[in-house]
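Structure below is query27.json: JSON, C-alpha atoms.
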```json
[["chain", "number", "residue", "atom", "x", "y", "z"],
["A", 252, "MET", "CA", 86.40, 107.06, 115.67],
["A", 253, "GLN", "CA", 85.31, 105.62, 112.32],
["A", 254, "THR", "CA", 88.56, 105.53, 110.34],
["A", 255, "ALA", "CA", 91.95, 103.89, 110.79],
["A", 256, "VAL", "CA", 94.76, 102.46, 108.71],
["A", 257, "ILE", "CA", 95.57, 98.79, 108.34],
["A", 258, "GLY", "CA", 98.91, 97.14, 109.05],
["A", 259, "SER", "CA", 101.16, 99.76, 110.65],
["A", 260, "PRO", "CA", 101.17, 103.31, 112.07],
["A", 261, "ASN", "CA", 102.54, 104.78, 108.83],
["A", 262, "SER", "CA", 100.29, 102.79, 106.49],
["A", 263, "GLY", "CA", 98.31, 104.52, 103.76],
["A", 264, "ARG", "CA", 95.75, 101.72, 103.54],
["A", 265, "ALA", "CA", 92.62, 103.24, 105.07],
["A", 266, "ILE", "CA", 89.44, 101.62, 106.37],
["A", 267, "ILE", "CA", 86.04, 102.84, 107.48],
["A", 268, "LEU", "CA", 84.80, 100.55, 110.22],
["A", 269, "PRO", "CA", 81.33, 99.13, 109.51],
["A", 270, "THR", "CA", 78.94, 100.78, 111.95],
["A", 271, "ASP", "CA", 76.48, 97.87, 112.05],
["A", 272, "ALA", "CA", 77.27, 94.92, 114.33],
["A", 273, "ASP", "CA", 76.45, 92.22, 111.76],
["A", 274, "GLU", "CA", 78.50, 93.99, 109.08],
["A", 275, "LEU", "CA", 81.43, 94.24, 111.48],
["A", 276, "LEU", "CA", 81.20, 90.53, 112.27],
["A", 277, "ARG", "CA", 81.37, 89.73, 108.55],
["A", 278, "TRP", "CA", 84.36, 92.06, 108.18],
["A", 279, "ARG", "CA", 86.16, 90.36, 111.08],
["A", 280, "ARG", "CA", 85.66, 86.92, 109.58],
["A", 281, "GLY", "CA", 87.31, 88.05, 106.33],
["A", 282, "HIS", "CA", 90.16, 90.00, 107.94],
["A", 283, "ARG", "CA", 91.24, 87.95, 110.92],
["A", 284, "ALA", "CA", 94.90, 88.95, 110.64],
["A", 285, "SER", "CA", 94.33, 92.69, 110.22],
["A", 286, "THR", "CA", 95.62, 95.19, 112.75],
["A", 287, "TYR", "CA", 94.31, 98.75, 112.98],
["A", 288, "TRP", "CA", 96.20, 101.92, 113.79],
["A", 289, "CYS", "CA", 95.57, 105.59, 114.49],
["A", 290, "GLY", "CA", 97.68, 106.35, 111.44],
["A", 291, "THR", "CA", 100.16, 109.19, 111.18],
["A", 292, "GLN", "CA", 98.81, 109.87, 107.68],
["A", 293, "LEU", "CA", 95.45, 110.56, 109.35],
["A", 294, "GLY", "CA", 97.03, 113.02, 111.77],
["A", 295, "GLY", "CA", 96.87, 110.36, 114.46],
["A", 296, "CYS", "CA", 99.13, 109.29, 117.31],
["A", 297, "GLY", "CA", 100.36, 106.07, 115.67],
["A", 298, "ASN", "CA", 99.01, 103.81, 118.41],
["A", 299, "GLU", "CA", 97.12, 100.60, 117.80],
["A", 300, "LEU", "CA", 93.32, 100.63, 117.78],
["A", 301, "SER", "CA", 90.74, 97.97, 118.50],
["A", 302, "ASP", "CA", 87.35, 97.63, 116.84],
["A", 303, "ARG", "CA", 84.43, 97.82, 119.25],
["A", 304, "LEU", "CA", 81.28, 95.91, 118.40],
["A", 305, "TYR", "CA", 77.97, 97.12, 119.85],
["A", 306, "ARG", "CA", 74.37, 96.11, 119.31],
["A", 307, "ASP", "CA", 72.88, 99.20, 120.92],
["A", 308, "LYS", "CA", 75.07, 101.90, 119.37],
["A", 309, "VAL", "CA", 77.42, 102.58, 116.47],
["A", 310, "CYS", "CA", 80.47, 100.35, 116.22],
["A", 311, "HIS", "CA", 83.75, 102.25, 116.23],
["A", 312, "PHE", "CA", 87.51, 102.14, 116.70],
["A", 313, "ALA", "CA", 88.95, 102.89, 120.12],
["A", 314, "HIS", "CA", 92.39, 103.48, 121.58],
["A", 315, "ARG", "CA", 93.83, 101.21, 124.19],
["A", 316, "PRO", "CA", 93.48, 102.46, 127.80],
["A", 317, "HIS", "CA", 95.75, 105.32, 128.90],
["A", 318, "THR", "CA", 96.57, 106.36, 125.32],
["A", 319, "SER", "CA", 97.07, 110.06, 124.63],
["A", 320, "CYS", "CA", 95.93, 111.23, 121.19],
["A", 321, "HIS", "CA", 95.16, 114.68, 119.81],
["A", 322, "ARG", "CA", 93.69, 113.61, 116.47],
["A", 323, "THR", "CA", 90.77, 115.89, 115.61],
["A", 324, "ALA", "CA", 89.27, 114.39, 112.42],
["A", 325, "THR", "CA", 87.75, 110.98, 113.11],
["A", 326, "GLY", "CA", 84.60, 110.73, 110.95],
["A", 327, "ALA", "CA", 84.08, 108.76, 107.75],
["A", 328, "SER", "CA", 85.53, 111.55, 105.59],
["A", 329, "SER", "CA", 88.75, 111.85, 107.61],
["A", 330, "ALA", "CA", 90.56, 109.29, 105.43],
["A", 331, "ASP", "CA", 89.35, 110.56, 102.05],
["A", 332, "HIS", "CA", 92.81, 111.85, 101.15],
["A", 333, "LEU", "CA", 94.06, 108.25, 101.45],
["A", 334, "PHE", "CA", 91.12, 106.72, 99.60],
["A", 335, "ILE", "CA", 91.67, 109.09, 96.68],
["A", 336, "LYS", "CA", 95.19, 107.74, 96.31],
["A", 337, "ASP", "CA", 93.78, 104.22, 95.91],
["A", 338, "ASP", "CA", 91.37, 105.46, 93.23],
["A", 339, "LEU", "CA", 94.17, 107.24, 91.38],
["A", 340, "VAL", "CA", 96.39, 104.16, 91.47],
["A", 341, "ALA", "CA", 93.55, 102.03, 90.07],
["A", 342, "TRP", "CA", 92.72, 104.59, 87.37],
["A", 343, "THR", "CA", 96.30, 105.16, 86.21],
["A", 344, "GLY", "CA", 96.90, 101.40, 86.23],
["A", 345, "ARG", "CA", 93.97, 100.83, 83.88],
["A", 346, "LEU", "CA", 95.20, 103.54, 81.51],
["A", 347, "GLY", "CA", 98.88, 102.72, 81.73],
["A", 348, "ILE", "CA", 99.72, 106.19, 83.06],
["A", 349, "ARG", "CA", 102.68, 106.74, 85.35],
["A", 350, "GLY", "CA", 101.80, 109.19, 88.08],
["A", 351, "ARG", "CA", 102.26, 109.97, 91.75],
["A", 352, "ALA", "CA", 99.82, 111.21, 94.38],
["A", 353, "THR", "CA", 101.06, 113.09, 97.44],
["A", 354, "SER", "CA", 99.13, 114.34, 100.48],
["A", 355, "ARG", "CA", 99.67, 117.93, 101.56],
["A", 356, "ASP", "CA", 99.39, 119.49, 105.02],
["A", 357, "LEU", "CA", 98.48, 123.14, 104.42],
["A", 358, "GLY", "CA", 98.16, 123.97, 108.08],
["A", 359, "SER", "CA", 95.23, 121.98, 109.43],
["A", 360, "GLY", "CA", 96.30, 118.37, 108.81],
["A", 361, "PRO", "CA", 97.77, 115.85, 106.39],
["A", 362, "GLY", "CA", 94.57, 115.66, 104.37],
["A", 363, "ASP", "CA", 94.32, 119.31, 103.34],
["A", 364, "ALA", "CA", 95.08, 118.53, 99.68],
["A", 365, "VAL", "CA", 96.31, 115.78, 97.39],
["A", 366, "ASP", "CA", 98.60, 116.56, 94.46],
["A", 367, "PHE", "CA", 98.63, 114.19, 91.50],
["A", 368, "ARG", "CA", 101.47, 114.60, 89.03],
["A", 369, "ALA", "CA", 101.93, 112.75, 85.75],
["A", 370, "GLY", "CA", 103.89, 113.16, 82.54],
["A", 371, "LYS", "CA", 107.59, 113.76, 82.11],
["A", 372, "GLY", "CA", 108.95, 115.36, 85.25],
["A", 373, "GLY", "CA", 105.44, 115.54, 86.74],
["A", 374, "GLN", "CA", 104.54, 118.46, 84.49],
["A", 375, "GLN", "CA", 100.83, 117.57, 84.44],
["A", 376, "HIS", "CA", 99.46, 118.55, 87.83],
["A", 377, "VAL", "CA", 96.03, 118.07, 89.38],
["A", 378, "ARG", "CA", 95.33, 119.37, 92.88],
["A", 379, "PHE", "CA", 92.41, 117.92, 94.85],
["A", 380, "GLN", "CA", 91.43, 120.48, 97.47],
["A", 381, "PHE", "CA", 90.04, 119.10, 100.76],
["A", 382, "SER", "CA", 90.44, 122.11, 103.06],
["A", 383, "LYS", "CA", 88.83, 125.51, 102.54],
["A", 384, "LEU", "CA", 91.00, 128.18, 100.93],
["A", 385, "SER", "CA", 90.47, 131.92, 100.92],
["A", 386, "HIS", "CA", 90.50, 133.46, 97.47],
["A", 387, "ALA", "CA", 93.81, 135.17, 98.25],
["A", 388, "GLU", "CA", 95.37, 131.86, 99.33],
["A", 389, "TRP", "CA", 94.11, 130.13, 96.21],
["A", 390, "THR", "CA", 95.39, 132.92, 93.94],
["A", 391, "SER", "CA", 98.90, 132.92, 95.42],
["A", 392, "THR", "CA", 99.13, 129.12, 95.47],
["A", 393, "ARG", "CA", 97.85, 128.87, 91.93],
["A", 394, "ASP", "CA", 100.46, 131.37, 90.71],
["A", 395, "ARG", "CA", 103.20, 129.33, 92.35],
["A", 396, "LEU", "CA", 102.00, 125.94, 91.09],
["A", 397, "THR", "CA", 101.40, 127.25, 87.58],
["A", 398, "GLY", "CA", 105.08, 128.13, 87.37],
["A", 399, "GLU", "CA", 106.05, 124.57, 88.30],
["A", 400, "ALA", "CA", 103.93, 122.65, 85.77],
["A", 401, "THR", "CA", 102.86, 122.65, 82.14],
["A", 402, "THR", "CA", 99.21, 122.10, 83.02],
["A", 403, "LEU", "CA", 97.39, 122.69, 86.31],
["A", 404, "ASP", "CA", 93.83, 121.60, 87.13],
["A", 405, "TRP", "CA", 92.16, 122.26, 90.46],
["A", 406, "VAL", "CA", 89.38, 120.00, 91.78],
["A", 407, "PHE", "CA", 87.42, 121.23, 94.79],
["A", 408, "GLY", "CA", 85.70, 119.17, 97.47],
["A", 409, "PRO", "CA", 82.48, 120.21, 99.21],
["A", 410, "SER", "CA", 82.60, 123.65, 100.86],
["A", 411, "THR", "CA", 86.25, 124.27, 99.95],
["A", 412, "VAL", "CA", 85.98, 127.01, 97.34],
["A", 413, "GLN", "CA", 85.12, 130.68, 97.78],
["A", 414, "PRO", "CA", 82.61, 132.42, 95.46],
["A", 415, "GLU", "CA", 85.37, 134.72, 94.17],
["A", 416, "THR", "CA", 87.41, 131.67, 93.14],
["A", 417, "VAL", "CA", 84.40, 130.11, 91.43],
["A", 418, "GLU", "CA", 83.85, 133.33, 89.50],
["A", 419, "ALA", "CA", 87.49, 133.59, 88.47],
["A", 420, "LEU", "CA", 87.65, 130.01, 87.19],
["A", 421, "CYS", "CA", 84.32, 130.19, 85.40],
["A", 422, "ASP", "CA", 85.24, 133.48, 83.75],
["A", 423, "GLU", "CA", 88.51, 131.96, 82.52],
["A", 424, "TYR", "CA", 87.46, 128.43, 81.58],
["A", 425, "GLY", "CA", 83.66, 128.33, 81.66],
["A", 426, "TYR", "CA", 83.55, 125.47, 84.17],
["A", 427, "LEU", "CA", 84.71, 124.32, 87.60],
["A", 428, "PHE", "CA", 85.86, 120.85, 88.65],
["A", 429, "ARG", "CA", 84.36, 119.43, 91.85],
["A", 430, "PHE", "CA", 84.52, 116.10, 93.68],
["A", 431, "ARG", "CA", 82.65, 114.24, 96.37],
["A", 432, "PHE", "CA", 82.99, 110.80, 97.95],
["A", 433, "GLU", "CA", 80.58, 107.87, 98.26],
["A", 434, "THR", "CA", 80.92, 105.16, 100.87],
["A", 435, "HIS", "CA", 81.06, 101.57, 99.65],
["A", 436, "GLY", "CA", 81.53, 99.05, 102.44],
["A", 437, "ALA", "CA", 84.79, 99.76, 104.28],
["A", 438, "ALA", "CA", 86.06, 102.24, 101.65],
["A", 439, "ARG", "CA", 85.09, 105.48, 99.97],
["A", 440, "HIS", "CA", 85.40, 106.31, 96.28],
["A", 441, "ILE", "CA", 85.65, 109.65, 94.54],
["A", 442, "ARG", "CA", 83.09, 111.01, 92.09],
["A", 443, "LEU", "CA", 84.06, 113.90, 89.81],
["A", 444, "ARG", "CA", 82.04, 116.44, 87.87],
["A", 445, "ALA", "CA", 82.64, 119.53, 85.77],
["A", 446, "GLU", "CA", 80.20, 122.24, 86.78],
["A", 447, "ASP", "CA", 79.04, 123.98, 83.64],
["A", 448, "PRO", "CA", 77.43, 127.43, 83.87],
["A", 449, "ALA", "CA", 74.82, 126.34, 81.35],
["A", 450, "THR", "CA", 73.67, 123.33, 83.37],
["A", 451, "ALA", "CA", 74.45, 124.09, 87.05],
["A", 452, "PRO", "CA", 71.28, 124.89, 89.06],
["A", 453, "ASN", "CA", 72.35, 128.52, 89.66],
["A", 454, "GLY", "CA", 74.95, 128.86, 86.94],
["A", 455, "CYS", "CA", 78.67, 128.62, 87.37],
["A", 456, "HIS", "CA", 78.49, 131.17, 90.17],
["A", 457, "SER", "CA", 76.59, 128.82, 92.47],
["A", 458, "GLY", "CA", 79.32, 128.64, 95.18],
["A", 459, "PRO", "CA", 80.31, 125.62, 97.31],
["A", 460, "ALA", "CA", 79.22, 122.14, 96.33],
["A", 461, "PRO", "CA", 76.42, 120.66, 98.43]]
```
Step by step, read the file and then write its structure as structure tokens.
Amino acid sequence: MQTAVIGSPNSGRAIILPTDADELLRWRRGHRASTYWCGTQLGGCGNELSDRLYRDKVCHFAHRPHTSCHRTATGASSADHLFIKDDLVAWTGRLGIRGRATSRDLGSGPGDAVDFRAGKGGQQHVRFQFSKLSHAEWTSTRDRLTGEATTLDWVFGPSTVQPETVEALCDEYGYLFRFRFETHGAARHIRLRAEDPATAPNGCHSGPAP
């Protein structure tokens, strides 16, 4: 297990445990008072975790003995829906924008999507899609969300968008928003791009992001 939250079971402060022993030792020296949890916002059991240091294999988090947990997503990307909230807070703070980010469980876990709402009454809406949607699901959800906001933008993560959805968005707007994450130390940060049919390798109909 590579991800956890810091401080309490319900915390939204995520961490990726350094996989290298020397990096983990440096992390420990700078965070002596930190406690780690299989966070409920990660779909976890809420029990405390310990960091395991190894020289001969990857360092990781582990549950205490005799703990029962059914969490399924445990890799580095499993906390991306929490890391994106940190990035949004930092970005809106720099710009002086008042907004709110909320995680959504669409059936497979608490990190299926993140909704960011800003403006008066939250009328400016951006949805960051982490789980894969069928074109029919996207169409019906888009119709519903469009009726609730003045503006709606959809940003798709890797392998989350169907070719029919790509075609529909590119036919309507001429571009598609996508995101990916990069790991920096014990955190991950989002990178955004607008996929333009004139510059994408296979045009705007190129399908899921790599």
State, in Å with one decimal place, the distance from CA of Ala438 (chain A) to CA of Gly370 (chain A).
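Going from CA of Ala438 (chain A) over to CA of Gly370 (chain A) covers 28.3 Å.
The environment of Leu357 (chain A) within 10 Å, counting only C-alpha atoms and disregarding residues fewer than 4 places along the same chain, consists of Pro361, Gly362, Asp363, Ala364, Ser382 and Leu384 of chain A.
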Place a sphere of radius 12 Å on (111.5, 118.8, 88.1) in the file coordinates and name every protein, DNA or RNA residue with an atom inside or on its surface, counting all atoms listed in the file; give the answer as JSON, numbers by chain.
{"A": [368, 369, 370, 371, 372, 373, 374, 375, 398, 399, 400, 401]}
Counting all atoms listed in the file, the option among A:Phe379, A:Asp422, A:Thr434, A:Gly294 closest to Leu403 (chain A):
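Among the listed residues, A:Phe379 lies closest to Leu403 (chain A).
In this model, the gap between CA of Gln413 (chain A) and CA of Lys383 (chain A) comes to 7.9 Å.
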Using all atoms listed in the file, which protein or nucleic acid residues come within 7 Å of Ile267 (chain A)? Drop anything in the same chain fewer than 3 positions from it, and give the result as a PyMOL selection string.
chain A and resi 253-255+327+437-438
Excluding Ser301 (chain A) and any residue of its chain fewer than 4 positions from it, enumerate the residues within 8 Å of it, using all atoms listed in the file, and give them as a list in words.
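The residues that qualify are Tyr287, Phe312, Ala313, His314 and Arg315 of chain A.
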What lies within 12 Å of Asp337 (chain A) using only C-alpha atoms, ignoring chain neighbours under 2 positions off, as an MDAnalysis selection string?
chainID A and resid 263:266 330:335 339:344 351:353 365 367 438:441
Selected residues, C-alpha atoms, written as a short mmCIF file (atom, residue, chain, number, x, y, z; two decimals), keeping the file's coordinate frame, please.
```cif
data_model
loop_
_atom_site.label_atom_id
_atom_site.label_comp_id
_atom_site.auth_asym_id
_atom_site.auth_seq_id
_atom_site.Cartn_x
_atom_site.Cartn_y
_atom_site.Cartn_z
CA GLY A 263 98.31 104.52 103.76
CA ARG A 264 95.75 101.72 103.54
CA ALA A 265 92.62 103.24 105.07
CA ILE A 266 89.44 101.62 106.37
CA ALA A 330 90.56 109.29 105.43
CA ASP A 331 89.35 110.56 102.05
CA HIS A 332 92.81 111.85 101.15
CA LEU A 333 94.06 108.25 101.45
CA PHE A 334 91.12 106.72 99.60
CA ILE A 335 91.67 109.09 96.68
CA LEU A 339 94.17 107.24 91.38
CA VAL A 340 96.39 104.16 91.47
CA ALA A 341 93.55 102.03 90.07
CA TRP A 342 92.72 104.59 87.37
CA THR A 343 96.30 105.16 86.21
CA GLY A 344 96.90 101.40 86.23
CA ARG A 351 102.26 109.97 91.75
CA ALA A 352 99.82 111.21 94.38
CA THR A 353 101.06 113.09 97.44
CA VAL A 365 96.31 115.78 97.39
CA PHE A 367 98.63 114.19 91.50
CA ALA A 438 86.06 102.24 101.65
CA ARG A 439 85.09 105.48 99.97
CA HIS A 440 85.40 106.31 96.28
CA ILE A 441 85.65 109.65 94.54
#
```
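Comparing A:Leu275, A:Cys421, A:Val412, A:Leu427 by their smallest distance to Arg444 (chain A), the closest is A:Leu427 (using all atoms listed in the file).
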